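Colleague: Structure supplied as structure-v2.pdb; contents: PDB, C-alpha atoms.
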```pdb
ATOM      1  CA  MET E   1     250.744  46.302 136.744
ATOM      2  CA  ARG E   2     250.851  43.717 133.943
ATOM      3  CA  LYS E   3     252.977  46.074 131.860
ATOM      4  CA  PHE E   4     255.416  46.291 134.729
ATOM      5  CA  ILE E   5     255.699  42.508 135.025
ATOM      6  CA  VAL E   6     256.231  42.092 131.266
ATOM      7  CA  ARG E   7     258.889  44.807 131.244
ATOM      8  CA  PHE E   8     260.607  43.281 134.265
ATOM      9  CA  ALA E   9     260.524  39.802 132.704
ATOM     10  CA  PHE E  10     262.125  41.180 129.514
ATOM     11  CA  CYS E  11     264.940  42.874 131.413
ATOM     12  CA  PHE E  12     265.431  39.767 133.512
ATOM     13  CA  PHE E  13     265.619  37.583 130.372
ATOM     14  CA  PHE E  14     268.255  39.799 128.753
ATOM     15  CA  VAL E  15     270.355  39.957 131.900
ATOM     16  CA  ILE E  16     270.252  36.166 132.271
ATOM     17  CA  THR E  17     271.074  35.469 128.603
ATOM     18  CA  SER E  18     273.934  37.966 128.613
ATOM     19  CA  LEU E  19     275.352  36.144 131.622
ATOM     20  CA  VAL E  20     274.783  32.620 130.338
ATOM     21  CA  LEU E  21     275.712  32.872 126.653
ATOM     22  CA  PRO E  22     279.428  33.720 126.995
ATOM     23  CA  ALA E  23     279.852  30.615 129.134
ATOM     24  CA  GLN E  24     279.061  28.401 126.125
ATOM     25  CA  GLN E  25     282.118  29.526 124.140
ATOM     26  CA  GLU E  26     284.764  26.880 123.509
ATOM     27  CA  VAL E  27     287.766  29.162 123.853
ATOM     28  CA  GLU E  28     288.300  30.631 127.273
ATOM     29  CA  MET E  29     288.387  34.362 126.795
ATOM     30  CA  ALA E  30     289.646  36.877 129.290
ATOM     31  CA  ASP E  31     286.225  38.143 130.190
ATOM     32  CA  THR E  32     285.464  39.433 133.603
ATOM     33  CA  MET E  33     282.904  36.806 134.495
ATOM     34  CA  ARG E  34     285.507  34.048 134.324
ATOM     35  CA  SER E  35     288.330  35.707 136.250
ATOM     36  CA  ASN E  36     289.163  35.368 139.941
ATOM     37  CA  GLY E  37     287.768  31.886 140.342
ATOM     38  CA  LYS E  38     284.484  33.031 138.751
ATOM     39  CA  ILE E  39     283.598  35.073 141.816
ATOM     40  CA  TYR E  40     281.782  37.538 139.545
ATOM     41  CA  VAL E  41     279.290  34.832 138.698
ATOM     42  CA  VAL E  42     278.392  34.641 142.371
ATOM     43  CA  VAL E  43     278.221  38.423 142.536
ATOM     44  CA  ALA E  44     275.845  38.418 139.555
ATOM     45  CA  VAL E  45     273.644  35.722 141.078
ATOM     46  CA  LEU E  46     273.408  37.560 144.391
ATOM     47  CA  LEU E  47     272.736  40.866 142.640
ATOM     48  CA  VAL E  48     269.890  39.340 140.629
ATOM     49  CA  LEU E  49     268.563  37.764 143.826
ATOM     50  CA  PHE E  50     268.650  40.946 145.864
ATOM     51  CA  THR E  51     267.293  43.035 142.976
ATOM     52  CA  GLY E  52     264.356  40.670 142.709
ATOM     53  CA  LEU E  53     263.774  40.727 146.455
ATOM     54  CA  PHE E  54     263.929  44.510 146.610
ATOM     55  CA  ILE E  55     261.550  44.924 143.659
ATOM     56  CA  TYR E  56     259.141  42.542 145.409
ATOM     57  CA  LEU E  57     259.469  44.436 148.703
ATOM     58  CA  ILE E  58     258.919  47.807 147.014
ATOM     59  CA  ARG E  59     255.856  46.494 145.202
ATOM     60  CA  ILE E  60     254.295  45.197 148.436
ATOM     61  CA  ASP E  61     255.130  48.529 150.026
ATOM     62  CA  ARG E  62     253.296  50.413 147.264
ATOM     63  CA  LYS E  63     250.326  48.043 147.342
ATOM     64  CA  ILE E  64     249.917  48.546 151.093
ATOM     65  CA  SER E  65     250.255  52.315 150.646
ATOM     66  CA  ARG E  66     247.444  52.194 148.098
ATOM     67  CA  LEU E  67     245.289  50.098 150.430
ATOM     68  CA  GLU E  68     245.925  52.563 153.242
ATOM     69  CA  LYS E  69     244.830  55.434 150.995
ATOM     70  CA  GLU E  70     241.687  53.587 149.948
ATOM     71  CA  ASN E  71     240.886  52.806 153.570
ATOM     72  CA  LYS E  72     241.137  56.438 154.597
ATOM     73  CA  GLN E  73     238.539  57.536 152.074
TER      74      GLN E  73
ATOM     75  CA  MET R   1     258.055  56.530 142.688
ATOM     76  CA  LYS R   2     258.063  57.679 146.276
ATOM     77  CA  LEU R   3     260.273  55.747 148.655
ATOM     78  CA  SER R   4     261.355  57.095 152.016
ATOM     79  CA  TRP R   5     264.998  58.020 152.421
ATOM     80  CA  TRP R   6     265.842  55.241 154.835
ATOM     81  CA  LYS R   7     264.501  52.563 152.504
ATOM     82  CA  LEU R   8     266.671  53.928 149.690
ATOM     83  CA  LEU R   9     269.586  54.071 152.125
ATOM     84  CA  CYS R  10     268.901  50.445 153.043
ATOM     85  CA  ILE R  11     269.075  49.404 149.370
ATOM     86  CA  VAL R  12     272.271  51.414 148.799
ATOM     87  CA  LEU R  13     273.993  50.080 151.929
ATOM     88  CA  LEU R  14     273.057  46.470 151.205
ATOM     89  CA  SER R  15     274.215  46.793 147.582
ATOM     90  CA  TYR R  16     277.534  48.156 148.832
ATOM     91  CA  ALA R  17     277.806  45.365 151.395
ATOM     92  CA  LEU R  18     276.991  42.823 148.691
ATOM     93  CA  ILE R  19     279.377  44.035 145.978
ATOM     94  CA  GLY R  20     282.122  45.225 148.328
ATOM     95  CA  GLY R  21     281.700  42.218 150.546
ATOM     96  CA  LEU R  22     282.264  39.863 147.655
ATOM     97  CA  LEU R  23     284.941  41.757 145.744
ATOM     98  CA  MET R  24     287.050  43.788 148.167
ATOM     99  CA  GLU R  25     290.228  42.390 149.697
ATOM    100  CA  VAL R  26     289.960  40.295 152.878
ATOM    101  CA  PRO R  27     292.609  38.710 155.115
ATOM    102  CA  ARG R  28     293.963  35.455 153.689
ATOM    103  CA  LYS R  29     293.508  32.631 156.191
ATOM    104  CA  ALA R  30     293.802  28.882 156.099
ATOM    105  CA  ILE R  31     290.555  26.836 156.341
ATOM    106  CA  LEU R  32     288.402  29.977 156.179
ATOM    107  CA  ASN R  33     289.679  31.105 152.749
ATOM    108  CA  GLU R  34     287.063  33.213 151.007
ATOM    109  CA  THR R  35     284.327  32.125 153.405
ATOM    110  CA  ILE R  36     285.534  34.886 155.744
ATOM    111  CA  ARG R  37     283.225  37.067 153.619
ATOM    112  CA  ASN R  38     280.291  35.317 155.285
ATOM    113  CA  ILE R  39     280.930  37.641 158.234
ATOM    114  CA  TYR R  40     279.233  40.400 156.211
ATOM    115  CA  PHE R  41     276.044  38.395 155.825
ATOM    116  CA  HIS R  42     275.834  35.821 158.626
ATOM    117  CA  VAL R  43     276.744  38.053 161.579
ATOM    118  CA  PRO R  44     274.409  40.979 160.677
ATOM    119  CA  MET R  45     271.520  38.496 160.932
ATOM    120  CA  TRP R  46     272.130  38.358 164.704
ATOM    121  CA  PHE R  47     272.519  42.131 164.948
ATOM    122  CA  GLY R  48     269.283  42.469 162.986
ATOM    123  CA  MET R  49     267.521  39.952 165.210
ATOM    124  CA  MET R  50     268.615  41.841 168.319
ATOM    125  CA  ALA R  51     267.451  45.163 166.846
ATOM    126  CA  VAL R  52     263.973  44.022 165.807
ATOM    127  CA  CYS R  53     263.525  42.048 169.049
ATOM    128  CA  ALA R  54     264.395  45.224 170.946
ATOM    129  CA  CYS R  55     261.716  47.069 168.952
ATOM    130  CA  SER R  56     259.311  44.240 169.742
ATOM    131  CA  VAL R  57     259.930  44.333 173.491
ATOM    132  CA  TYR R  58     259.674  48.136 173.443
ATOM    133  CA  HIS R  59     256.140  47.857 172.088
ATOM    134  CA  SER R  60     255.301  45.058 174.513
ATOM    135  CA  ILE R  61     256.290  47.330 177.405
ATOM    136  CA  ALA R  62     254.305  50.130 175.765
ATOM    137  CA  TYR R  63     251.303  47.774 175.711
ATOM    138  CA  LEU R  64     251.615  47.000 179.406
ATOM    139  CA  ARG R  65     251.895  50.700 180.247
ATOM    140  CA  LYS R  66     248.954  51.678 178.072
ATOM    141  CA  PRO R  67     246.976  48.743 176.619
ATOM    142  CA  GLY R  68     246.076  49.134 172.955
ATOM    143  CA  LEU R  69     245.837  46.627 170.140
ATOM    144  CA  LEU R  70     248.188  48.691 167.991
ATOM    145  CA  SER R  71     251.099  48.102 170.383
ATOM    146  CA  ASP R  72     250.358  44.383 170.276
ATOM    147  CA  ILE R  73     250.351  44.395 166.456
ATOM    148  CA  ARG R  74     253.705  46.169 166.458
ATOM    149  CA  ALA R  75     255.240  43.815 169.028
ATOM    150  CA  VAL R  76     254.188  40.654 167.203
ATOM    151  CA  SER R  77     255.263  41.943 163.782
ATOM    152  CA  TYR R  78     258.747  42.821 165.011
ATOM    153  CA  ALA R  79     259.073  39.509 166.855
ATOM    154  CA  GLU R  80     258.174  37.632 163.667
ATOM    155  CA  VAL R  81     260.985  39.243 161.719
ATOM    156  CA  GLY R  82     263.273  38.652 164.705
ATOM    157  CA  ILE R  83     262.637  34.924 164.639
ATOM    158  CA  LEU R  84     263.039  34.928 160.834
ATOM    159  CA  TYR R  85     266.425  36.623 161.114
ATOM    160  CA  GLY R  86     267.483  34.238 163.869
ATOM    161  CA  ALA R  87     266.486  31.200 161.806
ATOM    162  CA  LEU R  88     268.340  32.561 158.775
ATOM    163  CA  GLY R  89     271.385  33.243 160.952
ATOM    164  CA  LEU R  90     271.291  29.693 162.279
ATOM    165  CA  ILE R  91     270.913  28.153 158.799
ATOM    166  CA  THR R  92     273.648  30.262 157.195
ATOM    167  CA  GLY R  93     275.870  29.447 160.167
ATOM    168  CA  MET R  94     275.279  25.735 159.610
ATOM    169  CA  ILE R  95     276.159  26.004 155.916
ATOM    170  CA  TRP R  96     279.321  27.889 156.818
ATOM    171  CA  ALA R  97     280.206  25.425 159.583
ATOM    172  CA  ASN R  98     279.826  22.488 157.212
ATOM    173  CA  TYR R  99     282.786  23.677 155.144
ATOM    174  CA  THR R 100     284.984  25.091 157.891
ATOM    175  CA  TRP R 101     284.320  23.056 161.046
ATOM    176  CA  GLY R 102     283.578  19.875 159.080
ATOM    177  CA  LYS R 103     279.939  19.392 159.963
ATOM    178  CA  PRO R 104     276.867  21.590 160.125
ATOM    179  CA  TRP R 105     276.149  20.967 163.791
ATOM    180  CA  SER R 106     279.033  20.416 166.187
ATOM    181  CA  ASN R 107     277.129  21.172 169.383
ATOM    182  CA  ASP R 108     279.045  24.405 169.654
ATOM    183  CA  ILE R 109     277.831  26.434 172.648
ATOM    184  CA  LYS R 110     276.702  29.305 170.420
ATOM    185  CA  GLN R 111     274.801  26.954 168.146
ATOM    186  CA  ILE R 112     272.983  25.301 171.038
ATOM    187  CA  LEU R 113     272.172  28.539 172.827
ATOM    188  CA  SER R 114     270.991  30.388 169.736
ATOM    189  CA  ALA R 115     268.719  27.415 168.969
ATOM    190  CA  ILE R 116     267.381  27.641 172.541
ATOM    191  CA  ALA R 117     266.831  31.387 172.162
ATOM    192  CA  LEU R 118     264.885  30.755 168.963
ATOM    193  CA  LEU R 119     262.768  28.091 170.659
ATOM    194  CA  ILE R 120     261.956  30.498 173.485
ATOM    195  CA  TYR R 121     260.801  32.998 170.875
ATOM    196  CA  ALA R 122     258.845  30.302 169.041
ATOM    197  CA  ALA R 123     256.980  29.675 172.300
ATOM    198  CA  TYR R 124     255.867  33.317 172.196
ATOM    199  CA  PHE R 125     253.835  32.570 169.077
ATOM    200  CA  VAL R 126     252.554  29.256 170.431
ATOM    201  CA  LEU R 127     251.414  30.999 173.612
ATOM    202  CA  ARG R 128     249.784  33.880 171.749
ATOM    203  CA  ASN R 129     247.908  31.684 169.321
ATOM    204  CA  SER R 130     246.594  29.451 172.097
ATOM    205  CA  ILE R 131     244.620  32.341 173.619
ATOM    206  CA  THR R 132     241.465  33.354 171.799
ATOM    207  CA  ASP R 133     240.543  36.389 173.877
ATOM    208  CA  LEU R 134     242.224  39.335 172.134
ATOM    209  CA  ASP R 135     243.066  41.445 175.169
ATOM    210  CA  LYS R 136     244.246  38.508 177.221
ATOM    211  CA  ARG R 137     246.333  37.301 174.291
ATOM    212  CA  ALA R 138     247.953  40.706 173.945
ATOM    213  CA  ARG R 139     248.669  41.014 177.662
ATOM    214  CA  VAL R 140     250.032  37.493 178.203
ATOM    215  CA  GLY R 141     252.007  37.860 174.947
ATOM    216  CA  ALA R 142     253.513  41.146 176.099
ATOM    217  CA  VAL R 143     254.572  39.681 179.449
ATOM    218  CA  TYR R 144     256.080  36.602 177.829
ATOM    219  CA  ASN R 145     257.823  38.704 175.174
ATOM    220  CA  ILE R 146     259.692  40.579 177.892
ATOM    221  CA  PHE R 147     260.864  37.263 179.326
ATOM    222  CA  ALA R 148     261.878  35.996 175.846
ATOM    223  CA  PHE R 149     263.878  39.150 175.183
ATOM    224  CA  ALA R 150     265.523  38.961 178.591
ATOM    225  CA  MET R 151     266.532  35.369 177.808
ATOM    226  CA  LEU R 152     268.373  36.583 174.691
ATOM    227  CA  ILE R 153     270.962  38.298 176.860
ATOM    228  CA  PRO R 154     272.276  35.241 178.730
ATOM    229  CA  THR R 155     271.839  32.884 175.756
ATOM    230  CA  LEU R 156     273.478  35.042 173.103
ATOM    231  CA  TYR R 157     275.832  37.223 175.127
ATOM    232  CA  VAL R 158     276.736  35.986 178.592
ATOM    233  CA  ILE R 159     277.031  32.187 178.534
ATOM    234  CA  PRO R 160     278.850  31.929 175.139
ATOM    235  CA  ARG R 161     281.598  34.164 176.522
ATOM    236  CA  MET R 162     282.127  31.853 179.490
ATOM    237  CA  MET R 163     282.509  28.624 177.512
ATOM    238  CA  GLU R 164     284.911  27.184 174.961
ATOM    239  CA  SER R 165     283.561  27.744 171.484
ATOM    240  CA  LEU R 166     284.520  27.081 167.891
ATOM    241  CA  HIS R 167     283.443  30.634 167.117
ATOM    242  CA  PRO R 168     286.243  33.199 167.094
ATOM    243  CA  GLY R 169     286.674  35.709 169.905
ATOM    244  CA  GLY R 170     285.650  33.364 172.697
ATOM    245  CA  GLN R 171     288.010  34.833 175.253
ATOM    246  CA  GLY R 172     286.900  38.416 174.875
ATOM    247  CA  ASN R 173     284.633  40.422 172.666
ATOM    248  CA  PRO R 174     283.655  38.552 169.497
ATOM    249  CA  GLY R 175     283.944  40.647 166.368
ATOM    250  CA  ALA R 176     286.052  43.354 167.942
ATOM    251  CA  ASP R 177     289.227  41.260 167.816
ATOM    252  CA  PRO R 178     291.618  42.654 165.147
ATOM    253  CA  ARG R 179     292.739  39.101 164.395
ATOM    254  CA  ASP R 180     289.259  38.232 163.127
ATOM    255  CA  MET R 181     288.505  41.331 161.076
ATOM    256  CA  ASP R 182     290.983  43.900 159.786
ATOM    257  CA  SER R 183     290.257  47.551 158.988
ATOM    258  CA  ARG R 184     289.253  46.748 155.396
ATOM    259  CA  MET R 185     286.542  44.440 156.651
ATOM    260  CA  HIS R 186     285.357  46.945 159.261
ATOM    261  CA  MET R 187     284.747  49.414 156.411
ATOM    262  CA  ILE R 188     282.024  47.134 155.065
ATOM    263  CA  PHE R 189     280.798  45.451 158.220
ATOM    264  CA  TRP R 190     279.986  48.403 160.486
ATOM    265  CA  PRO R 191     278.838  51.162 158.111
ATOM    266  CA  ALA R 192     277.001  48.983 155.566
ATOM    267  CA  ALA R 193     276.266  45.362 156.433
ATOM    268  CA  VAL R 194     274.978  45.772 160.011
ATOM    269  CA  PRO R 195     272.823  48.911 159.552
ATOM    270  CA  GLY R 196     271.678  47.685 156.120
ATOM    271  CA  PHE R 197     270.302  44.415 157.445
ATOM    272  CA  ILE R 198     268.803  46.124 160.517
ATOM    273  CA  MET R 199     266.970  48.588 158.249
ATOM    274  CA  LEU R 200     265.801  45.743 156.003
ATOM    275  CA  GLY R 201     264.375  43.966 159.061
ATOM    276  CA  ILE R 202     262.560  47.114 160.188
ATOM    277  CA  TRP R 203     261.265  47.657 156.648
ATOM    278  CA  ILE R 204     259.780  44.153 156.485
ATOM    279  CA  SER R 205     258.299  44.573 159.986
ATOM    280  CA  THR R 206     256.660  47.879 159.113
ATOM    281  CA  LEU R 207     255.084  46.286 156.029
ATOM    282  CA  SER R 208     253.671  43.549 158.225
ATOM    283  CA  ILE R 209     252.432  46.122 160.761
ATOM    284  CA  ARG R 210     250.719  48.188 158.054
ATOM    285  CA  PHE R 211     249.157  45.046 156.610
ATOM    286  CA  ARG R 212     247.782  44.013 160.007
ATOM    287  CA  LYS R 213     246.491  47.518 160.657
ATOM    288  CA  ILE R 214     244.380  47.258 157.505
ATOM    289  CA  SER R 215     243.223  43.683 158.013
ATOM    290  CA  ASP R 216     242.415  44.226 161.716
ATOM    291  CA  LYS R 217     240.929  47.694 161.316
ATOM    292  CA  ASN R 218     237.528  46.554 162.561
ATOM    293  CA  LEU R 219     239.144  45.465 165.827
ATOM    294  CA  LEU R 220     241.312  48.561 166.095
ATOM    295  CA  HIS R 221     238.403  50.973 165.788
ATOM    296  CA  ALA R 222     236.011  48.901 167.876
TER     297      ALA R 222
END
```
In structure tokens, write the structure found in this file.

Modeller:
Amino acid sequence: MRKFIVRFAFCFFFVITSLVLPAQQEVEMADTMRSNGKIYVVVAVLLVLFTGLFIYLIRIDRKISRLEKENKQ
Amino acid sequence: MKLSWWKLLCIVLLSYALIGGLLMEVPRKAILNETIRNIYFHVPMWFGMMAVCACSVYHSIAYLRKPGLLSDIRAVSYAEVGILYGALGLITGMIWANYTWGKPWSNDIKQILSAIALLIYAAYFVLRNSITDLDKRARVGAVYNIFAFAMLIPTLYVIPRMMESLHPGGQGNPGADPRDMDSRMHMIFWPAAVPGFIMLGIWISTLSIRFRKISDKNLLHA
């Protein structure tokens, strides 16, 4: 379980940095995250949010499944 | 990893609703602007609330037909998610209203009545938790739950259609008016957003049911 959390934290860190770093550039480049009134930033935020929520939900689901198995024995 | 098909479907549909809902074309309207996309997320909360509350009242009726603590666990778990969805719908509606109607609470008939509906549901939990005897609690809760669900119909469906409202579609069927949503929006709203959020609500409820079944197993097998 700890391995999973570490791995998830690493992925999360890289996703966040890849989203944040281009925003520090001085020159405005034609990258996707800045186009269309920066709507893609919102999309990214919501995707991270929902991904996190779903991972949490799936983990609770698996924990309860394990408890159910243990209870049957 | 094993995950049942409908949970995967729920994730896929909600991802589609999320990405498509934010990026696909929508009608261009004054005042609303891009906030029209809130329809994909705010409105399914009410559909989801109705769906899980229907599940809840189904199990309450099942309890009254054949008393068993399991039916009571199911009814209360679904009702919990129902009230959560309703509260989220009310809050997201207030955020949306702040930037389109000018203030978060304008005493709109739908705002008032959905708040009343939520309070009626909140009373379900107050009533339940005030009774210590398990069987009595389950029975009184089941009876009250039927009343609370019945009150959803006038408060969320009948009275709002008879009054002036800031919500669109007042003089007819809200949501089905082509002036509010065009065919592009229907392609996200009906196949993805509504069923996705309903399935998410049922998923959360089933987790809560399974949790209670384990924690109350001494009572269930007594």

Colleague: Return the single residue from R:Val52, R:Met45, R:Ala138, R:Ile188 that is closest to Trp203 in chain R, with distances computed using only C-alpha atoms.

Modeller: R:Val52

Colleague: Spell out the residues picked by the PyMOL selection byres ((chain E and resi 49-53) around 10) here, as a ChimeraX atom specification.

Modeller: /E:8,12,43-48,54-59 /R:11,14-15,18

Colleague: Counting all atoms listed in the file, a student should be able to say which residues of chain R come within 8 Å of chain E; what is the right answer, written as a ChimeraX atom specification?

Modeller: /R:11,15,18-19,22-23,204,207,210-211,214

Colleague: Find the spatial neighbours of His221 in chain R, counting all atoms listed in the file, within a cut-off of 10 Å - ignore same-chain residues fewer than 4 positions away - and output them as a list in words.

Modeller: Leu69, Asp216 and Lys217 of chain R

Colleague: I want to know what sits within 12 Å of Gly68 in chain R, based on all atoms listed in the file, with residues of the same chain fewer than 2 positions away left out; could you give that as a list in words?

Modeller: His59, Ser60, Ile61, Ala62, Tyr63, Leu64, Arg65, Lys66, Leu70, Ser71, Asp72, Ile73, Arg74, Ala75, Leu134, Asp135, Lys136, Arg137, Ala138, Arg139, Ala142, Leu219, Leu220, His221 and Ala222 of chain R

Colleague: Could you tell me how far CA of Met163 in chain R sits from CA of Ser183 in chain R, in Å to one decimal place?

Modeller: 27.6 Å

Colleague: Rounded to one decimal place, report the CA of Phe149 in chain R-CA of Gly196 in chain R distance in Å.

Modeller: 22.3 Å

Colleague: For each of R:Tyr58, R:Tyr78, R:Trp101, R:Trp46, take the minimum atom-to-atom distance to Ala117 in chain R, counting all atoms listed in the file, then give the residue where this is smallest.

Modeller: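 Residue with the minimum atom-to-atom distance to Ala117 in chain R: R:Trp46.
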
Colleague: Could you tell me, as a list in words, exactly which residues end up selected when the PyMOL selection byres ((chain R and resi 93) around 9) is applied to this structure?

Modeller: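 The output of the PyMOL selection byres ((chain R and resi 93) around 9) on this file is Asn38, His42, Val43, Leu88, Gly89, Leu90, Ile91, Thr92, Met94, Ile95, Trp96, Ala97, Asn98, Pro104 and Gln111 of chain R.
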
Colleague: Translate the PyMOL selection byres ((chain R and resi 124-126) around 9), as applied to the file shown, into an explicit residue set as a list of chain:residue names.

Modeller: R:Val76, R:Ala79, R:Glu80, R:Leu119, R:Ile120, R:Tyr121, R:Ala122, R:Ala123, R:Leu127, R:Arg128, R:Asn129, R:Ser130, R:Gly141, R:Tyr144, R:Asn145, R:Ala148

Colleague: From the set R:Asp108, R:Ser56, R:Thr100, R:Tyr85, which residue has the shortest atom-to-atom contact distance to Ile31 in chain R, counting all atoms listed in the file?

Modeller: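 Among the listed residues, R:Thr100 lies closest to Ile31 in chain R.
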
Colleague: Mind pulling up the distance from CA of Pro44 in chain R to CA of Val143 in chain R?

Modeller: 27.3 Å

Colleague: Which is closer to Phe189 in chain R than all the others in R:Ser114, R:Trp6, R:Ala30, R:Ile39, using all atoms listed in the file?

Modeller: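 Closest candidate: R:Ile39.
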
Colleague: Please list, as a PyMOL selection string, the residues that have an atom at most 9 Å away from (286.0, 36.9, 160.8) in the coordinates of this file, counting all atoms listed in the file.

Modeller: chain R and resi 27+32+35-40+168+175+177+179-182+185
